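Colleague: See query-v9.cif below, with mmCIF, C-alpha atoms.
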data_coords
#
loop_
_atom_site.label_atom_id
_atom_site.label_comp_id
_atom_site.auth_asym_id
_atom_site.auth_seq_id
_atom_site.Cartn_x
_atom_site.Cartn_y
_atom_site.Cartn_z
CA ASP S 1 0.00 0.00 0.00
CA LYS S 2 2.98 2.36 0.46
CA PHE S 3 4.44 1.59 -2.97
CA GLU S 4 3.26 3.55 -6.00
CA PRO S 5 3.59 2.05 -9.50
CA VAL S 6 5.79 4.15 -11.80
CA VAL S 7 6.02 2.15 -15.02
CA SER S 8 5.61 -1.39 -16.36
CA TYR S 9 7.43 -3.05 -19.24
CA GLU S 10 6.40 -6.21 -21.04
CA ASN S 11 8.53 -8.36 -23.34
CA ASN S 12 6.44 -10.59 -25.62
CA GLY S 13 9.44 -12.15 -27.37
CA VAL S 14 10.67 -15.76 -27.30
CA ARG S 15 11.08 -15.62 -23.51
CA PRO S 16 8.30 -13.32 -22.35
CA SER S 17 8.80 -11.31 -19.17
CA LYS S 18 7.36 -8.38 -17.28
CA VAL S 19 9.08 -5.69 -15.23
CA HIS S 20 7.16 -3.43 -12.85
CA ILE S 21 8.87 -0.45 -11.22
CA PHE S 22 7.46 1.06 -8.03
CA LYS S 23 8.49 3.99 -5.86
CA ARG S 24 8.10 4.68 -2.19
CA LYS S 25 9.02 7.65 -0.04
CA VAL S 26 11.60 6.46 2.45
CA GLU S 27 11.87 7.98 5.90
CA LEU S 28 15.62 8.03 6.48
CA LYS S 29 16.94 10.07 9.43
CA PRO S 30 20.53 10.50 10.65
CA ILE S 31 20.99 9.22 14.21
CA ILE S 32 24.73 9.65 14.80
CA HIS S 33 27.87 10.99 13.13
CA LEU S 34 31.06 9.63 14.65
CA ASN S 35 34.03 11.83 13.75
CA GLN S 36 37.56 12.20 15.08
CA GLN S 37 36.37 13.94 18.23
CA ASN S 38 33.80 11.23 19.08
CA LEU S 39 36.07 8.33 18.10
CA SER S 40 39.00 9.58 20.18
CA MET S 41 36.94 10.02 23.37
CA THR S 42 36.54 6.32 24.11
CA ASN S 43 38.67 3.21 24.56
CA TYR S 44 38.44 0.15 22.33
CA PHE S 45 38.81 -3.60 22.73
CA GLY S 46 39.54 -6.35 20.22
CA ASN S 47 39.49 -10.15 20.25
CA PHE S 48 38.79 -11.68 23.66
CA GLY S 49 38.41 -8.27 25.29
CA LYS S 50 42.05 -7.25 24.77
CA SER S 51 42.55 -3.49 24.95
CA CYS S 52 43.42 -1.59 21.75
CA LYS S 53 45.55 1.54 21.42
CA ALA S 54 43.95 4.44 19.53
CA GLN S 55 45.70 7.70 18.68
CA ILE S 56 44.61 10.84 16.87
CA ALA S 57 46.07 11.18 13.38
CA GLY S 58 45.06 13.61 10.62
CA GLN S 59 41.26 13.82 10.42
CA GLY S 60 40.65 10.56 12.32
CA ILE S 61 42.27 7.93 14.51
CA LYS S 62 44.70 5.07 13.94
CA MET S 63 44.47 1.89 16.00
CA GLU S 64 46.69 -0.98 17.08
CA CYS S 65 44.74 -3.97 18.23
CA ASP S 66 47.06 -7.00 18.49
CA SER S 67 46.19 -8.32 14.97
CA SER S 68 42.49 -8.42 15.82
CA PRO S 69 40.08 -8.30 12.84
CA ILE S 70 37.52 -6.51 15.02
CA SER S 71 37.49 -3.56 17.39
CA CYS S 72 34.59 -2.30 19.52
CA ALA S 73 34.17 0.85 21.61
CA ASN S 74 33.94 0.40 25.38
CA GLN S 75 31.23 3.08 25.55
CA VAL S 76 27.61 1.93 25.26
CA LEU S 77 25.16 4.23 23.41
CA THR S 78 21.36 4.60 23.50
CA PHE S 79 19.06 5.71 20.66
CA SER S 80 15.50 6.22 21.93
CA GLU S 81 14.15 6.97 18.44
CA VAL S 82 15.15 3.53 17.06
CA ALA S 83 12.52 0.77 17.03
CA LYS S 84 13.38 -2.93 16.94
CA SER S 85 11.96 -3.29 13.41
CA ASP S 86 13.98 -0.36 11.95
CA LEU S 87 16.91 -0.82 9.58
CA GLN S 88 20.09 1.25 9.60
CA PHE S 89 22.41 2.37 6.82
CA VAL S 90 25.99 2.70 8.04
CA LEU S 91 28.59 4.70 6.08
CA PHE S 92 32.08 3.86 7.35
CA HIS S 93 34.94 6.08 6.11
CA HIS S 94 38.57 5.00 6.39
CA ILE S 95 41.78 5.44 4.40
CA ASN S 96 44.01 2.37 4.30
CA ASN S 97 47.78 2.87 3.90
CA LYS S 98 47.59 0.25 1.11
CA GLY S 99 45.10 -2.29 -0.24
CA THR S 100 44.19 -5.02 2.27
CA LYS S 101 42.06 -7.43 0.17
CA THR S 102 39.59 -7.49 3.07
CA VAL S 103 35.98 -6.35 3.30
CA SER S 104 35.55 -3.78 6.07
CA HIS S 105 32.45 -2.38 7.73
CA ALA S 106 31.18 -0.71 10.87
CA SER S 107 28.18 -1.85 12.85
CA MET S 108 26.02 -0.88 15.80
CA LYS S 109 24.10 -3.52 17.74
CA SER S 110 21.89 -3.49 20.82
CA MET S 111 23.47 -5.79 23.39
CA ASP S 112 22.11 -7.20 26.61
CA VAL S 113 23.96 -5.27 29.34
CA SER S 114 24.65 -8.50 31.26
CA LEU S 115 26.55 -9.83 28.21
CA LEU S 116 28.70 -6.72 28.18
CA ASN S 117 29.39 -6.85 31.91
CA GLU S 118 30.33 -10.53 31.82
CA LYS S 119 32.71 -10.00 28.88
CA ASN S 120 31.01 -13.01 27.29
CA LYS S 121 33.41 -14.24 24.62
CA ASN S 122 30.65 -16.16 22.82
CA SER S 123 28.47 -13.12 22.07
CA ASP S 124 28.87 -11.71 18.56
CA PRO S 125 29.07 -7.89 18.62
CA ILE S 126 28.63 -7.70 14.83
CA PRO S 127 25.02 -8.33 13.83
CA ASP S 128 23.87 -9.65 10.49
CA THR S 129 25.32 -6.89 8.36
CA TYR S 130 24.77 -6.69 4.63
CA ILE S 131 27.47 -4.94 2.61
CA LEU S 132 26.04 -2.82 -0.23
CA ASN S 133 27.93 -2.44 -3.53
CA GLN S 134 30.69 -4.68 -2.23
CA LEU S 135 32.23 -5.24 -5.67
CA VAL S 136 32.26 -1.52 -6.45
CA SER S 137 33.20 0.15 -3.18
CA ASN S 138 36.18 -2.08 -2.33
CA ILE S 139 37.66 -2.55 -5.82
CA TYR S 140 40.72 -0.40 -5.04
CA ASP S 141 41.31 -2.30 -1.81
CA LEU S 142 42.18 -5.42 -3.86
CA ASP S 143 45.42 -3.81 -5.08
CA VAL S 144 47.99 -4.36 -2.31
CA HIS S 145 50.42 -1.98 -4.07
CA ARG S 146 47.99 0.96 -4.22
CA LYS S 147 48.66 3.56 -1.52
CA ASP S 148 46.14 5.66 0.42
CA VAL S 149 43.05 3.63 -0.45
CA ASP S 150 40.12 5.93 0.46
CA LEU S 151 37.03 3.84 1.20
CA ILE S 152 33.47 4.45 2.28
CA ASP S 153 31.95 1.09 3.15
CA ILE S 154 28.16 1.06 3.01
CA SER S 155 26.21 -1.52 4.96
CA LEU S 156 22.64 -2.26 5.97
CA GLN S 157 21.84 -3.76 9.36
CA LYS S 158 19.26 -4.17 12.11
CA MET S 159 20.42 -2.53 15.34
CA GLY S 160 17.75 -3.90 17.64
CA SER S 161 15.94 -1.90 20.31
CA GLY S 162 18.37 1.07 20.35
CA LYS S 163 19.34 0.43 23.99
CA SER S 164 22.85 -0.60 25.09
CA VAL S 165 24.27 -0.16 21.59
CA LEU S 166 27.85 -1.20 20.91
CA PHE S 167 29.84 0.39 18.02
CA CYS S 168 32.21 -2.05 16.29
CA MET S 169 34.46 -2.02 13.24
CA LYS S 170 35.63 -5.04 11.29
CA GLY S 171 38.44 -5.53 8.75
CA LYS S 172 42.23 -5.32 8.47
CA LEU S 173 42.26 -1.86 10.02
CA PHE S 174 43.86 -2.20 13.44
CA GLU S 175 47.60 -2.57 12.78
CA ASP S 176 48.25 1.19 12.61
CA ASN S 177 47.58 0.79 8.88
CA SER S 178 44.30 2.66 8.44
CA LEU S 179 43.12 6.17 9.21
CA ILE S 180 39.58 5.76 10.55
CA GLU S 181 37.82 9.02 9.75
CA GLY S 182 34.36 8.21 11.01
CA ALA S 183 30.95 6.67 10.54
CA LYS S 184 27.48 8.01 9.87
CA VAL S 185 24.41 6.00 10.79
CA PHE S 186 20.95 6.62 9.31
CA ASN S 187 17.75 5.06 10.63
CA TRP S 188 15.17 3.71 8.18
CA LYS S 189 11.65 3.20 9.55
#
Go through the file and emit its structure as structure tokens.
Modeller:
Amino acid sequence: DKFEPVVSYENNGVRPSKVHIFKRKVELKPIIHLNQQNLSMTNYFGNFGKSCKAQIAGQGIKMECDSSPISCANQVLTFSEVAKSDLQFVLFHHINNKGTKTVSHASMKSMDVSLLNEKNKNSDPIPDTYILNQLVSNIYDLDVHRKDVDLIDISLQKMGSGKSVLFCMKGKLFEDNSLIEGAKVFNWK
């Protein structure tokens, strides 16, 4: 009922087919913009709760995280305007020193506070995250000889209730080899 038909095409050839195109107004609102100032105000942990070192560099931060493929902020956030059924678009901006041949993304997930307090190693801080335009956005990252690979990784996810939200990043980014410039998160009702 919220979709409006725009146009329909019909192919009556050897293999007949029909294509219907619809449009819908999407309610997409920004909920957070993490920049150098926000990113540098918290501590981070990697695999098995090991502490990571983050330092300000250029327009972002660089991190060392004991070869961990994941890093999460120690600070828990709350977004009262996010409903459990909402989707989020996450734009994650980082500049790798050289190509890493690894898909990277940022994510925000509502976690049970007891899981965070217990440092439960079995809980997955990265929710089901769907990378958009993966073949296009990371094409330069495949070249390990290319320098200063500027990437904006776009992903779609479900945060959850918006309470006790943990911000995490995933990829080959935590060996002082990537300038993490920030993330923007948009809520889609």
Colleague: Would you mind telling me which residue in S:Thr42, S:Ser110, S:Asn177, S:Gln37 lies nearest to S:Lys84 when using all atoms listed in the file?
Modeller: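 Of the candidates, the smallest distance to S:Lys84 is held by S:Ser110.
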Colleague: Using all atoms listed in the file, which protein or nucleic acid residues come within 12 Å of S:Gln157? Drop anything in the same chain fewer than 5 positions from it, and give the result as a PyMOL selection string.
Modeller: chain S and resi 84-91+105-110+126-132+185-188
Colleague: Taking all atoms listed in the file into account, name the residue in S:Asn133, S:Lys170, S:Asp176, S:Cys65 that is nearest to S:Leu156.
Modeller: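 Closest to S:Leu156 of all the choices is S:Asn133.
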Colleague: I'd like the interatomic distance between atom CA of S:Asp150 and atom CA of S:Ile180, to a tenth of an Å.
Modeller: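 Distance reported for this atom pair: 10.1 Å.
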Colleague: Quick one: pull the distance between atom CA of S:Glu181 and atom CA of S:Phe92, Å, one decimal.
Modeller: 8.1 Å
Colleague: Quick one: distance from atom CA of S:Lys147 to atom CA of S:Gln36 in Å, one decimal?
Modeller: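 Taking atom CA of S:Lys147 as the start and atom CA of S:Gln36 as the end point, the length is 21.8 Å.
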Colleague: Find, counting all atoms listed in the file, the residue in S:His93, S:Lys189, S:His33, S:Lys172 that gets nearest to S:Met63.
Modeller: S:Lys172
Colleague: Which residues match the PyMOL selection byres ((chain S and resi 6) around 6) in the file above, as a ChimeraX atom specification?
Modeller: /S:5,7,21-22
Colleague: Which residues come within 10 Å of S:Ser68, counting all atoms listed in the file, excluding same-chain residues fewer than 4 positions away, as a list of chain:residue names?
Modeller: S:Phe45, S:Gly46, S:Asn47, S:Phe48, S:Lys50, S:Cys52, S:Glu64, S:Lys170, S:Gly171, S:Lys172, S:Leu173, S:Phe174, S:Glu175
Colleague: Go ahead and write the residues just picked, C-alpha atoms, as an mmCIF file, keeping the file's coordinate frame.
Modeller:
data_model
loop_
_atom_site.group_PDB
_atom_site.id
_atom_site.type_symbol
_atom_site.label_atom_id
_atom_site.label_comp_id
_atom_site.auth_asym_id
_atom_site.auth_seq_id
_atom_site.Cartn_x
_atom_site.Cartn_y
_atom_site.Cartn_z
ATOM 1 C CA PHE S 45 38.810 -3.600 22.730
ATOM 2 C CA GLY S 46 39.540 -6.350 20.220
ATOM 3 C CA ASN S 47 39.490 -10.150 20.250
ATOM 4 C CA PHE S 48 38.790 -11.680 23.660
ATOM 5 C CA LYS S 50 42.050 -7.250 24.770
ATOM 6 C CA CYS S 52 43.420 -1.590 21.750
ATOM 7 C CA GLU S 64 46.690 -0.980 17.080
ATOM 8 C CA LYS S 170 35.630 -5.040 11.290
ATOM 9 C CA GLY S 171 38.440 -5.530 8.750
ATOM 10 C CA LYS S 172 42.230 -5.320 8.470
ATOM 11 C CA LEU S 173 42.260 -1.860 10.020
ATOM 12 C CA PHE S 174 43.860 -2.200 13.440
ATOM 13 C CA GLU S 175 47.600 -2.570 12.780
#
Colleague: Using all atoms listed in the file, which of S:Met111, S:Ser8, S:Val76, S:Leu28 sits nearest S:Tyr44?
Modeller: S:Val76
Colleague: I need the residue nearest S:Asp153 from this list: S:Val82, S:Ile31, S:Ile56, S:Met169. Use all atoms listed in the file for the distance.
Modeller: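 So, comparing all the options, the nearest one is S:Met169.
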Colleague: Compile the contact shell of S:Asn74 as a PyMOL selection string: residues with an atom at most 10 Å away, counting all atoms listed in the file, same-chain residues fewer than 2 positions apart removed.
Modeller: chain S and resi 42-45+49+51+71-72+76-77+116+166-168
Colleague: Which residues are close to S:Val149, i.e. within 8 Å by only C-alpha atoms, leaving aside same-chain residues fewer than 6 positions away? Reply as a VMD selection string.
Modeller: chain S and resid 95 to 99 140 to 141
